[in-house]
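J.: Just dropping this structure here.
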2 protein chains.
Amino acid sequence: MAQRPVVIVSNRGPVTFQVADSGDLVAKRGAGGLVSGIGPLVAGTDATWVAAAMSDGDRRASEQGVVEAEGFRVRSLAIDPDQYRMAYDVVCNATLWFLHHGLYDLARRPRFDTRFREAWQAYRDVNAAFAEVVADDAPDGAAVLVQDYHLALVGGILAQRRPDLRTVHFSHTPFANPDTWRVLPTDLGAELLEGMAGHHACGFHSRRWADAFAACCAEQLGRTPTTFVSALASDPDDIGAVAASPACATALDELDHLVGDRAFVVRVDRIELSKNILRGFAAYEDLLERYPQWRERVVFGAFVYPSREGLPEYLAYRQEVETVVRRINERWGTPGWEPIVLDPTDDFPRSVAALRRADVFLVNPIRDGLNLVASEGPLVNDRDALLLLSPEAGIWDSLGDVARAVHPYDVSGTADALADALAVGRAARADEGRALKARAGARRPADWLDEQLDAAG
Amino acid sequence: MAQRPVVIVSNRGPVTFQVADSGDLVAKRGAGGLVSGIGPLVAGTDATWVAAAMSDGDRRASEQGVVEAEGFRVRSLAIDPDQYRMAYDVVCNATLWFLHHGLYDLARRPRFDTRFREAWQAYRDVNAAFAEVVADDAPDGAAVLVQDYHLALVGGILAQRRPDLRTVHFSHTPFANPDTWRVLPTDLGAELLEGMAGHHACGFHSRRWADAFAACCAEQLGRTPTTFVSALASDPDDIGAVAASPACATALDELDHLVGDRAFVVRVDRIELSKNILRGFAAYEDLLERYPQWRERVVFGAFVYPSREGLPEYLAYRQEVETVVRRINERWGTPGWEPIVLDPTDDFPRSVAALRRADVFLVNPIRDGLNLVASEGPLVNDRDALLLLSPEAGIWDSLGDVARAVHPYDVSGTADALADALAVGRAARADEGRALKARAGARRPADWLDEQLDAAG
């Protein structure tokens with residue numbers, strides 16, 4: 001069978017446009033985890049990428065249909081800003097993200113009220129707008145690869161309008177179990193599952209998320225759609241290029257000066273409730289408390305940068321993070337030693353420098369669709385660093401047997417795991433560090449795209 | 001087979017003792033949902049009931065071995081108060097209850113630290129103390145009926161010490177699904193499941209809770225213990241006697257005066273995070289907002305009394321309840337009308353009077369092991385009241401097809417359900433009310449005890 005034409009559909013696109021003083025559109029690479037993961041795989045191919053217009057330049061570009069820029073064929077889609085905010089903030093970020101990650105304080109949140117029903121209608125409309133563009137433009141028999149929970153209804157609509165297309169929905173998040181899924185009003189939960197089931201196949205980073213989706217469908221729809229499991233992977237060459245950059249070298253010098261001959265525990269995360277940043281600090285404090293030999297001998301570098309600050313939950317969480325760091329540093333710090341270095345700047349070369357310099361990586365999310373930092377760390381690390389990894393991250397499926405498990409809620413157990421890892425000298429950890437590096441680079445990034453195309457059939 | 005001797009084991013006993021001025025022990029009936037549900041079934045039988053000593057009198061009684069009082073053969077068990085508090089407050093109420101009901105704000109709570117490990121040791125010790133008394137005293141071949149999550153390890157210990165006994169563990173709560181169960185540190189979660197699996201059978205109020213327990217065991221233990229489903233039932237005669245009491249008649253007169261010819265929505269609950277009291281008020285306010293015809297024409301009687309105020313979560317929740325009631329009454333109330341009547345006194349005849357006078361019952365828990373109020377209401381009601389019931393209550397299994405579903409998180413949907421129910425006149429709802437009453441009384445309370453004995457084999 002000849003290769004099908006490919007259409008990628010996602011909320012954010014690989015390129016964003018700005019209007020130059022001359023009035024011309026200037027393209028630059030887009031940001032965001034999904035785009036940086038998938039972008040390199042798609043650049044230079046014939047694939048069309050449909051995404052929401054974010055900037056004024058994007059909205060201008062949307063009037064021109066498909067635009068070629070930065071190696072991509074981009075179709076920007078202008079959506080009414082109020083409608084987009086309702087769909088994106090209320091339904092996607094404040095509801096579906098919280099559901100899939102189990103982040104609700106259920107005695108109080110969520111509340112599905114008339115305002116939520118309006119936001120749901122906006123979510124439907126945004127999905128319909130995406131589906132309409134694809135229906136109008138997609139080549140005959142194309143494989144349409146719909147990315148993530150923002151666009152769960154696209155395949156269901158396309159199944160009606162363009163039955164020649166082969167659609168795949170890929171979830172970059174975990175998927176709620178049936179008990180949690182029932183938190184959604186029954187009609188809306190069923191509509192969302194039907195929408196996903198309207199694709200030819202639904203993909204997930206971990207078998208657990210695929211099974212949870214299938215269990216939700218079995219319970220609410222009475223059938224189980226086709227699922228597949230395919231983990232995205234970090235590209236060793238891409239991240240290696242950053243690690244070899246002058247910016248990274250400069251940052252590494254700074255870190256060497258800061259850390260000195262102390263041990264270096266590193267985490268790199270968005271400030272995100274699911275990342276379990278607070279309990280990571282609690283475990284570190286428990287280490288200082290119960291393993292006094294590490295006082296003044298270790299630095300915790302927390303490269304955690306703000307995210308989604310339009311949602312009050314994220315602002316509150318950031319404040320808690322800052323407060324606990326201040327308290328721990330005040331309690332334990334000495335004139336020559338700051339126990340935790342909190343770096344809130346989203347500076348990728350600097351984060352990569354930290355991953356190079358680390359002795360121990362702490363990746364302890366309470367729930368995480370995949371978590372690429374857990375593989376990027378070993379890929380670039382210079383010191384055979386050990387990886388403390390939560391089994392609740394999707395990447396546990398591939399790294400579980402070469403990482404050390406940290407249970408995300410077990411603060412004293414995490415402190416013990418930190419002490420155990422720190423106690424292993426650099427020479428003694430060479431085998432474990434090398435095994436991590438080999439495993440982290442075992443999967444090719446292109447595998448993930450190929451497996452989606454396979455799933456499209 | 002001859003009937004086995006019976007031993008009941010529970011945290012609270014059917015009788016509590018006080019030391020009179022004369023120095024004698026004076027017995028009185030104990031309080032608590034479990035005791036009031038099971039007590040009448042056991043009184044007057046030869047069963048021995050083992051329970052923790054709560055009062056000084058109980059501790060005195062514990063020195064005398066089995067004491068006959070109020071128709072019960074009671075074996076009080078004195079436990080070190082600090083140890084008991086650690087086990088009861090930290091492990092049972094603040095952890096296992098929260099887990100089984102899904103009440104954690106997981107980004108922040110729980111945190112398993114060294115203090116929790118100490119409390120866990122206290123929980124083990126309390127369970128061992130119970131098991132020891134049973135091992136020492138239980139007649140040969142007795143059926144030992146262990147009640148609830150406070151005592152999950154008893155059967156496992158008895159299986160070693162007294163293999164002649166037949167043990168049953170009965171859970172009065174929901175059971176966590178595997179995703180939630182994994183929140184417990186792995187070793188402790190496995191220990192608890194092993195303890196429960198050490199009984200000959202594990203009983204639950206709903207098939208859903210039994211299946212969740214079996215799924216947790218399959219995942220963590222690699223095997224599924226014997227389970228059974230058996231719902232406790234309200235005794236129509238017992239609650240009928242309260243409904244016919246002078247105290248209830250007096251309370252009913254007061255309520256008649258208060259409500260007048262308005263419609264009366266009633267809830268009766270402990271102030272408990274799982275009961276979803278806040279969203280019930282939010283739905284009621286949405287009713288007043290979107291169905292203006294009910295302003296001044298309805299009263300919401302919230303007979304909700306404080307509970308577990310030693311835990312900060314419960315104090316905070318009570319304050320939220322009081323704040324929202326005040327706000328709603330200030331916003332919507334008129335000189336002759338208070339929209340919500342909040343009654344925090346734990347006065348059973350008065351609550352029963354409210355159940356008699358109700359037009360609509362609101363029972364909307366986010367998760368509930370059974371919920372006997374949902375059947376007690378219809379059993380005593382004088383007006384063919386309609387029942388709005390959350391499918392997340394275990395009693396949904398038996399009342400689901402005669403009640404009206406309210407989704408616990410769907411505030412606007414609950415408001416619509418209230419409006420629909422209130423719109424049905426008393427004559428028009430006679431069939432539905434009668435069907436509810438018949439179903440609520442269909443199961444005999446003794447069935448539950450018989451089914452536990454059957455499960456003991």
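In the structure tokens, chains take letters A, B, ... by order of appearance, with residues numbered from 1 within each chain and ligands from 1 in the order shown.
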Give one line per residue of chain A that approaches chain B to at most 9 Å, naming the two atoms of the closest pair and their distance in Å to one decimal, counting only C-alpha atoms; sort by chain then ascending residue number and deliver it as a Markdown table.
T.:
| residue | atom | partner | partner_atom | distance |
| --- | --- | --- | --- | --- |
| A:Gly102 | CA | B:Leu106 | CA | 7.3 |
| A:Leu103 | CA | B:Leu106 | CA | 5.9 |
| A:Tyr104 | CA | B:Asp105 | CA | 6.0 |
| A:Asp105 | CA | B:Asp105 | CA | 4.1 |
| A:Leu106 | CA | B:Leu103 | CA | 5.9 |
| A:Ala107 | CA | B:Leu273 | CA | 5.4 |
| A:Arg108 | CA | B:Leu278 | CA | 7.4 |
| A:Arg109 | CA | B:Tyr409 | CA | 8.0 |
| A:Pro110 | CA | B:Tyr409 | CA | 6.5 |
| A:Arg111 | CA | B:Tyr409 | CA | 5.4 |
| A:Phe112 | CA | B:Asp410 | CA | 4.7 |
| A:Asp113 | CA | B:Ser412 | CA | 4.7 |
| A:Thr114 | CA | B:Ser412 | CA | 5.9 |
| A:Arg117 | CA | B:Ser412 | CA | 8.9 |
| A:Asn177 | CA | B:Asp179 | CA | 7.6 |
| A:Asp179 | CA | B:Asn177 | CA | 7.6 |
| A:Arg182 | CA | B:His407 | CA | 8.8 |
| A:Val183 | CA | B:Tyr409 | CA | 6.2 |
| A:Leu184 | CA | B:Tyr409 | CA | 7.3 |
| A:Pro185 | CA | B:Asp410 | CA | 5.8 |
| A:Thr186 | CA | B:His407 | CA | 7.7 |
| A:Leu273 | CA | B:Ala107 | CA | 5.4 |
| A:Ser274 | CA | B:Ala107 | CA | 6.3 |
| A:Lys275 | CA | B:Ala107 | CA | 8.3 |
| A:Asn276 | CA | B:Ala107 | CA | 6.3 |
| A:Ile277 | CA | B:Ala107 | CA | 8.8 |
| A:Leu278 | CA | B:Arg108 | CA | 7.3 |
| A:Arg279 | CA | B:Arg111 | CA | 7.4 |
| A:Ala282 | CA | B:Arg111 | CA | 8.8 |
| A:Ala283 | CA | B:Asp113 | CA | 8.5 |
| A:Asp286 | CA | B:Asp113 | CA | 8.3 |
| A:Tyr317 | CA | B:Ala107 | CA | 8.9 |
| A:Ile366 | CA | B:Ala107 | CA | 7.5 |
| A:His407 | CA | B:Pro185 | CA | 6.7 |
| A:Pro408 | CA | B:Val183 | CA | 7.8 |
| A:Tyr409 | CA | B:Arg111 | CA | 5.4 |
| A:Asp410 | CA | B:Phe112 | CA | 4.7 |
| A:Val411 | CA | B:Asp113 | CA | 5.2 |
| A:Ser412 | CA | B:Asp113 | CA | 4.7 |
| A:Gly413 | CA | B:Asp113 | CA | 7.8 |
J.: Given the selection you just returned, output its residues as a file containing C-alpha atoms, formatted as a compact mmCIF listing (two decimals), in the first residue's frame.
T.:
# COMPACT_ATOMS: atom_id res chain seq x y z
CA GLY A 102 -6.42 12.83 39.32
CA LEU A 103 -5.75 16.33 40.65
CA TYR A 104 -9.15 17.26 42.02
CA ASP A 105 -9.90 17.91 45.67
CA LEU A 106 -13.19 16.11 45.04
CA ALA A 107 -15.00 17.31 48.14
CA ARG A 108 -14.93 20.75 46.52
CA ARG A 109 -13.95 20.61 42.84
CA PRO A 110 -15.10 20.25 40.09
CA ARG A 111 -18.57 21.75 39.92
CA PHE A 112 -20.39 21.35 36.67
CA ASP A 113 -22.64 24.36 36.46
CA THR A 114 -24.32 26.31 33.68
CA ARG A 117 -22.04 23.78 29.98
CA ASN A 177 -9.87 5.34 35.39
CA ASP A 179 -14.25 5.91 38.86
CA ARG A 182 -17.65 9.27 36.18
CA VAL A 183 -16.85 12.63 37.75
CA LEU A 184 -17.78 14.14 34.38
CA PRO A 185 -21.51 14.59 33.88
CA THR A 186 -22.73 11.36 32.32
CA LEU A 273 0.49 20.00 40.38
CA SER A 274 0.99 16.54 38.88
CA LYS A 275 4.80 16.82 39.09
CA ASN A 276 4.76 16.44 42.88
CA ILE A 277 7.28 19.19 43.50
CA LEU A 278 6.17 19.85 47.08
CA ARG A 279 6.65 16.26 48.25
CA ALA A 282 9.58 17.37 51.81
CA ALA A 283 11.60 14.24 51.05
CA ASP A 286 13.59 14.51 55.54
CA TYR A 317 0.93 25.86 43.81
CA ILE A 366 1.97 11.62 41.07
CA HIS A 407 6.65 6.10 45.42
CA PRO A 408 5.26 9.60 44.89
CA TYR A 409 3.33 9.83 48.19
CA ASP A 410 5.96 8.09 50.31
CA VAL A 411 8.00 11.01 51.58
CA SER A 412 10.20 9.07 53.98
CA GLY A 413 10.69 6.33 51.38
J.: Find the spatial neighbours of Ala263 in chain A, counting only C-alpha atoms, within a cut-off of 10 Å - ignore same-chain residues fewer than 3 positions away - and output them as a count of residues only.
T.: 15
J.: Please report the interatomic distance between CA of Leu389 in chain A and CA of Leu418 in chain A in Å with one decimal.
T.: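 Atom-to-atom, CA of Leu389 in chain A to CA of Leu418 in chain A, that is 11.1 Å.
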J.: Got a sec: who's within 9 Å of range 439-443 of chain A, counting only C-alpha atoms, leaving out chain neighbours fewer than 3 positions off, as a PyMOL selection string?
T.: chain A and resi 231-236+374-379+398-399+402+434-436+446-448
J.: Would you mind exporting the chosen residues as a PDB file, in the first residue's frame, restricted to N, CA, C and O atoms?
T.:
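So the final result, stored in selection.pdb, reads:
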ATOM      1  N   ALA A 231       5.170   4.978  22.797  1.00  0.00           N
ATOM      2  CA  ALA A 231       5.750   6.076  23.567  1.00  0.00           C
ATOM      3  C   ALA A 231       6.594   6.973  22.681  1.00  0.00           C
ATOM      4  O   ALA A 231       7.389   6.489  21.876  1.00  0.00           O
ATOM      5  N   LEU A 232       6.403   8.269  22.859  1.00  0.00           N
ATOM      6  CA  LEU A 232       7.273   9.247  22.224  1.00  0.00           C
ATOM      7  C   LEU A 232       8.665   9.099  22.845  1.00  0.00           C
ATOM      8  O   LEU A 232       8.809   8.611  23.962  1.00  0.00           O
ATOM      9  N   ALA A 233       9.708   9.460  22.105  1.00  0.00           N
ATOM     10  CA  ALA A 233      11.071   9.331  22.636  1.00  0.00           C
ATOM     11  C   ALA A 233      11.839  10.626  22.397  1.00  0.00           C
ATOM     12  O   ALA A 233      11.511  11.402  21.500  1.00  0.00           O
ATOM     13  N   SER A 234      12.816  10.852  23.220  1.00  0.00           N
ATOM     14  CA  SER A 234      13.703  12.001  23.020  1.00  0.00           C
ATOM     15  C   SER A 234      14.680  11.664  21.903  1.00  0.00           C
ATOM     16  O   SER A 234      15.125  10.527  21.773  1.00  0.00           O
ATOM     17  N   ASP A 235      15.066  12.679  21.159  1.00  0.00           N
ATOM     18  CA  ASP A 235      16.050  12.466  20.097  1.00  0.00           C
ATOM     19  C   ASP A 235      17.445  12.722  20.649  1.00  0.00           C
ATOM     20  O   ASP A 235      17.778  13.859  21.009  1.00  0.00           O
ATOM     21  N   PRO A 236      18.303  11.698  20.739  1.00  0.00           N
ATOM     22  CA  PRO A 236      19.647  11.896  21.298  1.00  0.00           C
ATOM     23  C   PRO A 236      20.430  12.955  20.544  1.00  0.00           C
ATOM     24  O   PRO A 236      21.195  13.714  21.150  1.00  0.00           O
ATOM     25  N   ALA A 374      12.904  12.214  32.145  1.00  0.00           N
ATOM     26  CA  ALA A 374      13.507  10.994  32.693  1.00  0.00           C
ATOM     27  C   ALA A 374      14.422  10.311  31.681  1.00  0.00           C
ATOM     28  O   ALA A 374      15.337   9.575  32.065  1.00  0.00           O
ATOM     29  N   SER A 375      14.201  10.529  30.389  1.00  0.00           N
ATOM     30  CA  SER A 375      15.138   9.956  29.402  1.00  0.00           C
ATOM     31  C   SER A 375      16.155  10.983  28.930  1.00  0.00           C
ATOM     32  O   SER A 375      17.303  10.637  28.632  1.00  0.00           O
ATOM     33  N   GLU A 376      15.758  12.259  28.888  1.00  0.00           N
ATOM     34  CA  GLU A 376      16.720  13.282  28.462  1.00  0.00           C
ATOM     35  C   GLU A 376      17.879  13.387  29.436  1.00  0.00           C
ATOM     36  O   GLU A 376      19.037  13.591  29.017  1.00  0.00           O
ATOM     37  N   GLY A 377      17.581  13.254  30.743  1.00  0.00           N
ATOM     38  CA  GLY A 377      18.641  13.332  31.750  1.00  0.00           C
ATOM     39  C   GLY A 377      19.744  12.327  31.483  1.00  0.00           C
ATOM     40  O   GLY A 377      20.906  12.713  31.240  1.00  0.00           O
ATOM     41  N   PRO A 378      19.429  11.041  31.494  1.00  0.00           N
ATOM     42  CA  PRO A 378      20.480  10.060  31.213  1.00  0.00           C
ATOM     43  C   PRO A 378      21.155  10.255  29.856  1.00  0.00           C
ATOM     44  O   PRO A 378      22.358  10.022  29.718  1.00  0.00           O
ATOM     45  N   LEU A 379      20.411  10.713  28.847  1.00  0.00           N
ATOM     46  CA  LEU A 379      21.019  10.872  27.518  1.00  0.00           C
ATOM     47  C   LEU A 379      22.177  11.862  27.530  1.00  0.00           C
ATOM     48  O   LEU A 379      23.163  11.659  26.825  1.00  0.00           O
ATOM     49  N   SER A 398       9.217   1.747  30.122  1.00  0.00           N
ATOM     50  CA  SER A 398      10.462   1.409  29.439  1.00  0.00           C
ATOM     51  C   SER A 398      11.697   1.553  30.326  1.00  0.00           C
ATOM     52  O   SER A 398      12.704   0.914  30.085  1.00  0.00           O
ATOM     53  N   LEU A 399      11.625   2.408  31.361  1.00  0.00           N
ATOM     54  CA  LEU A 399      12.811   2.631  32.200  1.00  0.00           C
ATOM     55  C   LEU A 399      12.734   1.949  33.562  1.00  0.00           C
ATOM     56  O   LEU A 399      13.709   1.978  34.320  1.00  0.00           O
ATOM     57  N   VAL A 402      15.574  -0.172  34.903  1.00  0.00           N
ATOM     58  CA  VAL A 402      16.924   0.396  35.041  1.00  0.00           C
ATOM     59  C   VAL A 402      16.922   1.633  35.953  1.00  0.00           C
ATOM     60  O   VAL A 402      17.970   2.203  36.213  1.00  0.00           O
ATOM     61  N   ARG A 434      25.200   3.757  32.889  1.00  0.00           N
ATOM     62  CA  ARG A 434      25.300   3.391  31.465  1.00  0.00           C
ATOM     63  C   ARG A 434      24.064   2.632  30.975  1.00  0.00           C
ATOM     64  O   ARG A 434      23.615   2.820  29.850  1.00  0.00           O
ATOM     65  N   ALA A 435      23.548   1.793  31.856  1.00  0.00           N
ATOM     66  CA  ALA A 435      22.336   1.052  31.473  1.00  0.00           C
ATOM     67  C   ALA A 435      21.178   2.016  31.235  1.00  0.00           C
ATOM     68  O   ALA A 435      20.392   1.865  30.285  1.00  0.00           O
ATOM     69  N   LEU A 436      21.086   3.030  32.089  1.00  0.00           N
ATOM     70  CA  LEU A 436      20.051   4.058  31.913  1.00  0.00           C
ATOM     71  C   LEU A 436      20.216   4.764  30.574  1.00  0.00           C
ATOM     72  O   LEU A 436      19.253   4.959  29.829  1.00  0.00           O
ATOM     73  N   ALA A 446      11.381   8.503  15.615  1.00  0.00           N
ATOM     74  CA  ALA A 446      10.540   8.257  14.435  1.00  0.00           C
ATOM     75  C   ALA A 446       9.635   7.039  14.623  1.00  0.00           C
ATOM     76  O   ALA A 446       8.608   6.915  13.945  1.00  0.00           O
ATOM     77  N   ASP A 447      10.002   6.141  15.533  1.00  0.00           N
ATOM     78  CA  ASP A 447       9.152   4.976  15.785  1.00  0.00           C
ATOM     79  C   ASP A 447       7.729   5.390  16.126  1.00  0.00           C
ATOM     80  O   ASP A 447       6.762   4.754  15.718  1.00  0.00           O
ATOM     81  N   TRP A 448       7.675   6.457  16.919  1.00  0.00           N
ATOM     82  CA  TRP A 448       6.365   6.891  17.413  1.00  0.00           C
ATOM     83  C   TRP A 448       5.472   7.339  16.246  1.00  0.00           C
ATOM     84  O   TRP A 448       4.300   6.965  16.169  1.00  0.00           O
TER      85      TRP A 448
END
J.: Do you know which residues are at most 10 Å from Asn329 in chain A counting only C-alpha atoms, after dropping those on the same chain fewer than 5 positions away, and could you put them as a PDB file with all heavy atoms, in the first residue's frame?
T.:
ATOM      1  N   GLU A 285      13.988  17.467  52.622  1.00  0.00           N
ATOM      2  CA  GLU A 285      14.147  17.933  54.001  1.00  0.00           C
ATOM      3  C   GLU A 285      14.264  16.747  54.964  1.00  0.00           C
ATOM      4  O   GLU A 285      15.044  16.787  55.922  1.00  0.00           O
ATOM      5  CB  GLU A 285      12.970  18.828  54.401  1.00  0.00           C
ATOM      6  CG  GLU A 285      13.142  19.363  55.809  1.00  0.00           C
ATOM      7  CD  GLU A 285      12.154  20.458  56.170  1.00  0.00           C
ATOM      8  OE1 GLU A 285      11.033  20.459  55.621  1.00  0.00           O
ATOM      9  OE2 GLU A 285      12.506  21.304  57.010  1.00  0.00           O
ATOM     10  N   THR A 323       7.345  29.141  48.939  1.00  0.00           N
ATOM     11  CA  THR A 323       7.325  29.231  50.401  1.00  0.00           C
ATOM     12  C   THR A 323       8.105  28.092  51.038  1.00  0.00           C
ATOM     13  O   THR A 323       8.888  28.307  51.971  1.00  0.00           O
ATOM     14  CB  THR A 323       5.863  29.222  50.903  1.00  0.00           C
ATOM     15  OG1 THR A 323       5.186  30.320  50.318  1.00  0.00           O
ATOM     16  CG2 THR A 323       5.803  29.315  52.422  1.00  0.00           C
ATOM     17  N   VAL A 324       7.913  26.887  50.528  1.00  0.00           N
ATOM     18  CA  VAL A 324       8.582  25.750  51.169  1.00  0.00           C
ATOM     19  C   VAL A 324      10.090  25.815  50.904  1.00  0.00           C
ATOM     20  O   VAL A 324      10.894  25.480  51.787  1.00  0.00           O
ATOM     21  CB  VAL A 324       7.952  24.407  50.741  1.00  0.00           C
ATOM     22  CG1 VAL A 324       8.299  24.050  49.318  1.00  0.00           C
ATOM     23  CG2 VAL A 324       8.385  23.286  51.671  1.00  0.00           C
ATOM     24  N   THR A 334      23.392  27.292  55.563  1.00  0.00           N
ATOM     25  CA  THR A 334      24.506  27.841  56.345  1.00  0.00           C
ATOM     26  C   THR A 334      25.151  28.921  55.472  1.00  0.00           C
ATOM     27  O   THR A 334      24.844  29.028  54.275  1.00  0.00           O
ATOM     28  CB  THR A 334      25.547  26.750  56.666  1.00  0.00           C
ATOM     29  OG1 THR A 334      26.037  26.189  55.442  1.00  0.00           O
ATOM     30  CG2 THR A 334      24.942  25.628  57.502  1.00  0.00           C
ATOM     31  N   TRP A 337      26.224  27.632  52.191  1.00  0.00           N
ATOM     32  CA  TRP A 337      25.464  26.543  51.563  1.00  0.00           C
ATOM     33  C   TRP A 337      23.964  26.853  51.511  1.00  0.00           C
ATOM     34  O   TRP A 337      23.322  27.064  52.539  1.00  0.00           O
ATOM     35  CB  TRP A 337      25.678  25.257  52.367  1.00  0.00           C
ATOM     36  CG  TRP A 337      24.828  24.100  51.932  1.00  0.00           C
ATOM     37  CD1 TRP A 337      24.766  23.539  50.694  1.00  0.00           C
ATOM     38  CD2 TRP A 337      23.925  23.355  52.750  1.00  0.00           C
ATOM     39  NE1 TRP A 337      23.883  22.493  50.685  1.00  0.00           N
ATOM     40  CE2 TRP A 337      23.345  22.344  51.946  1.00  0.00           C
ATOM     41  CE3 TRP A 337      23.547  23.427  54.097  1.00  0.00           C
ATOM     42  CZ2 TRP A 337      22.402  21.443  52.441  1.00  0.00           C
ATOM     43  CZ3 TRP A 337      22.616  22.524  54.600  1.00  0.00           C
ATOM     44  CH2 TRP A 337      22.066  21.538  53.764  1.00  0.00           C
ATOM     45  N   GLU A 338      23.428  26.876  50.299  1.00  0.00           N
ATOM     46  CA  GLU A 338      21.986  27.003  50.094  1.00  0.00           C
ATOM     47  C   GLU A 338      21.462  25.613  49.720  1.00  0.00           C
ATOM     48  O   GLU A 338      21.800  25.108  48.641  1.00  0.00           O
ATOM     49  CB  GLU A 338      21.708  28.015  48.980  1.00  0.00           C
ATOM     50  CG  GLU A 338      20.246  28.406  48.889  1.00  0.00           C
ATOM     51  CD  GLU A 338      20.011  29.537  47.885  1.00  0.00           C
ATOM     52  OE1 GLU A 338      20.570  29.464  46.778  1.00  0.00           O
ATOM     53  OE2 GLU A 338      19.260  30.466  48.215  1.00  0.00           O
ATOM     54  N   PRO A 339      20.666  25.002  50.566  1.00  0.00           N
ATOM     55  CA  PRO A 339      20.273  23.591  50.319  1.00  0.00           C
ATOM     56  C   PRO A 339      19.502  23.380  49.019  1.00  0.00           C
ATOM     57  O   PRO A 339      19.703  22.392  48.331  1.00  0.00           O
ATOM     58  CB  PRO A 339      19.403  23.261  51.532  1.00  0.00           C
ATOM     59  CG  PRO A 339      19.813  24.231  52.599  1.00  0.00           C
ATOM     60  CD  PRO A 339      20.207  25.487  51.877  1.00  0.00           C
ATOM     61  N   ILE A 340      18.593  24.328  48.692  1.00  0.00           N
ATOM     62  CA  ILE A 340      17.828  24.192  47.448  1.00  0.00           C
ATOM     63  C   ILE A 340      18.075  25.425  46.592  1.00  0.00           C
ATOM     64  O   ILE A 340      17.940  26.551  47.062  1.00  0.00           O
ATOM     65  CB  ILE A 340      16.303  24.087  47.717  1.00  0.00           C
ATOM     66  CG1 ILE A 340      15.994  22.903  48.630  1.00  0.00           C
ATOM     67  CG2 ILE A 340      15.534  23.992  46.399  1.00  0.00           C
ATOM     68  CD1 ILE A 340      14.536  22.822  49.061  1.00  0.00           C
ATOM     69  N   VAL A 341      18.439  25.202  45.338  1.00  0.00           N
ATOM     70  CA  VAL A 341      18.544  26.304  44.386  1.00  0.00           C
ATOM     71  C   VAL A 341      17.330  26.218  43.471  1.00  0.00           C
ATOM     72  O   VAL A 341      17.179  25.249  42.718  1.00  0.00           O
ATOM     73  CB  VAL A 341      19.851  26.203  43.563  1.00  0.00           C
ATOM     74  CG1 VAL A 341      19.873  27.265  42.478  1.00  0.00           C
ATOM     75  CG2 VAL A 341      21.051  26.334  44.495  1.00  0.00           C
TER      76      VAL A 341
END
J.: Would you please work out which residue, of B:Asp261, B:Asp136, B:Glu330, B:Asp58, is nearest to Ala27 in chain B when using only C-alpha atoms?
T.: B:Asp58
J.: Taking the DSSP assignment computed from this structure's backbone, write out as a list in words all residues of range 135-196 of chain A that belong to strand (DSSP E or B).
T.: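 The strand (DSSP E or B) residues within range 135-196 of chain A come out as Ala143, Val144, Leu145, Val146, Gln147, Arg166, Thr167, Val168, His169, Phe170 and Ser171 of chain A.
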J.: Work out how far apart CA of Gly13 in chain A and CA of Ala316 in chain A are and give it in Å to one decimal.
T.: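 Interatomic distance, CA of Gly13 in chain A to CA of Ala316 in chain A: 29.1 Å.
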J.: Using only C-alpha atoms, which protein or nucleic acid residues come within 7 Å of range 451-454 of chain B? Drop anything in the same chain fewer than 5 positions from it, and give the result as number ranges by chain.
T.: B: 143, 168, 230
J.: Please produce a file of those selected residues containing all heavy atoms, as a JSON list (two decimals), in the first residue's frame.
T.:
[["chain", "number", "residue", "atom", "x", "y", "z"],
["B", 143, "ALA", "N", -17.55, -18.44, 64.45],
["B", 143, "ALA", "CA", -17.54, -17.49, 63.33],
["B", 143, "ALA", "C", -17.19, -16.13, 63.88],
["B", 143, "ALA", "O", -17.89, -15.62, 64.76],
["B", 143, "ALA", "CB", -18.91, -17.46, 62.66],
["B", 168, "VAL", "N", -14.66, -13.52, 58.97],
["B", 168, "VAL", "CA", -15.20, -12.70, 57.89],
["B", 168, "VAL", "C", -14.81, -11.26, 58.16],
["B", 168, "VAL", "O", -14.87, -10.81, 59.31],
["B", 168, "VAL", "CB", -16.74, -12.81, 57.82],
["B", 168, "VAL", "CG1", -17.31, -11.76, 56.88],
["B", 168, "VAL", "CG2", -17.15, -14.20, 57.39],
["B", 230, "SER", "N", -23.37, -7.97, 50.50],
["B", 230, "SER", "CA", -24.50, -8.09, 51.40],
["B", 230, "SER", "C", -24.76, -6.72, 52.00],
["B", 230, "SER", "O", -23.95, -6.23, 52.78],
["B", 230, "SER", "CB", -24.18, -9.11, 52.51],
["B", 230, "SER", "OG", -25.19, -9.11, 53.49]]
J.: Looking only at alpha helix (DSSP H) from DSSP on the backbone, list the matching residues of range 337-384 of chain B as a count of residues only.
T.: 18
J.: As a list in words, please: the residues near Arg4 in chain A (cut-off 12 Å, only C-alpha atoms, same-chain neighbours under 4 positions excluded).
T.: Asp46, Ala47, Ala138, Pro139, Asp140, Gly141, Ala142, Ala143, Val144, Leu145, Asp164, Leu165, Arg166, Thr167, Asp450, Gln452, Leu453, Asp454, Ala456 and Gly457 of chain A
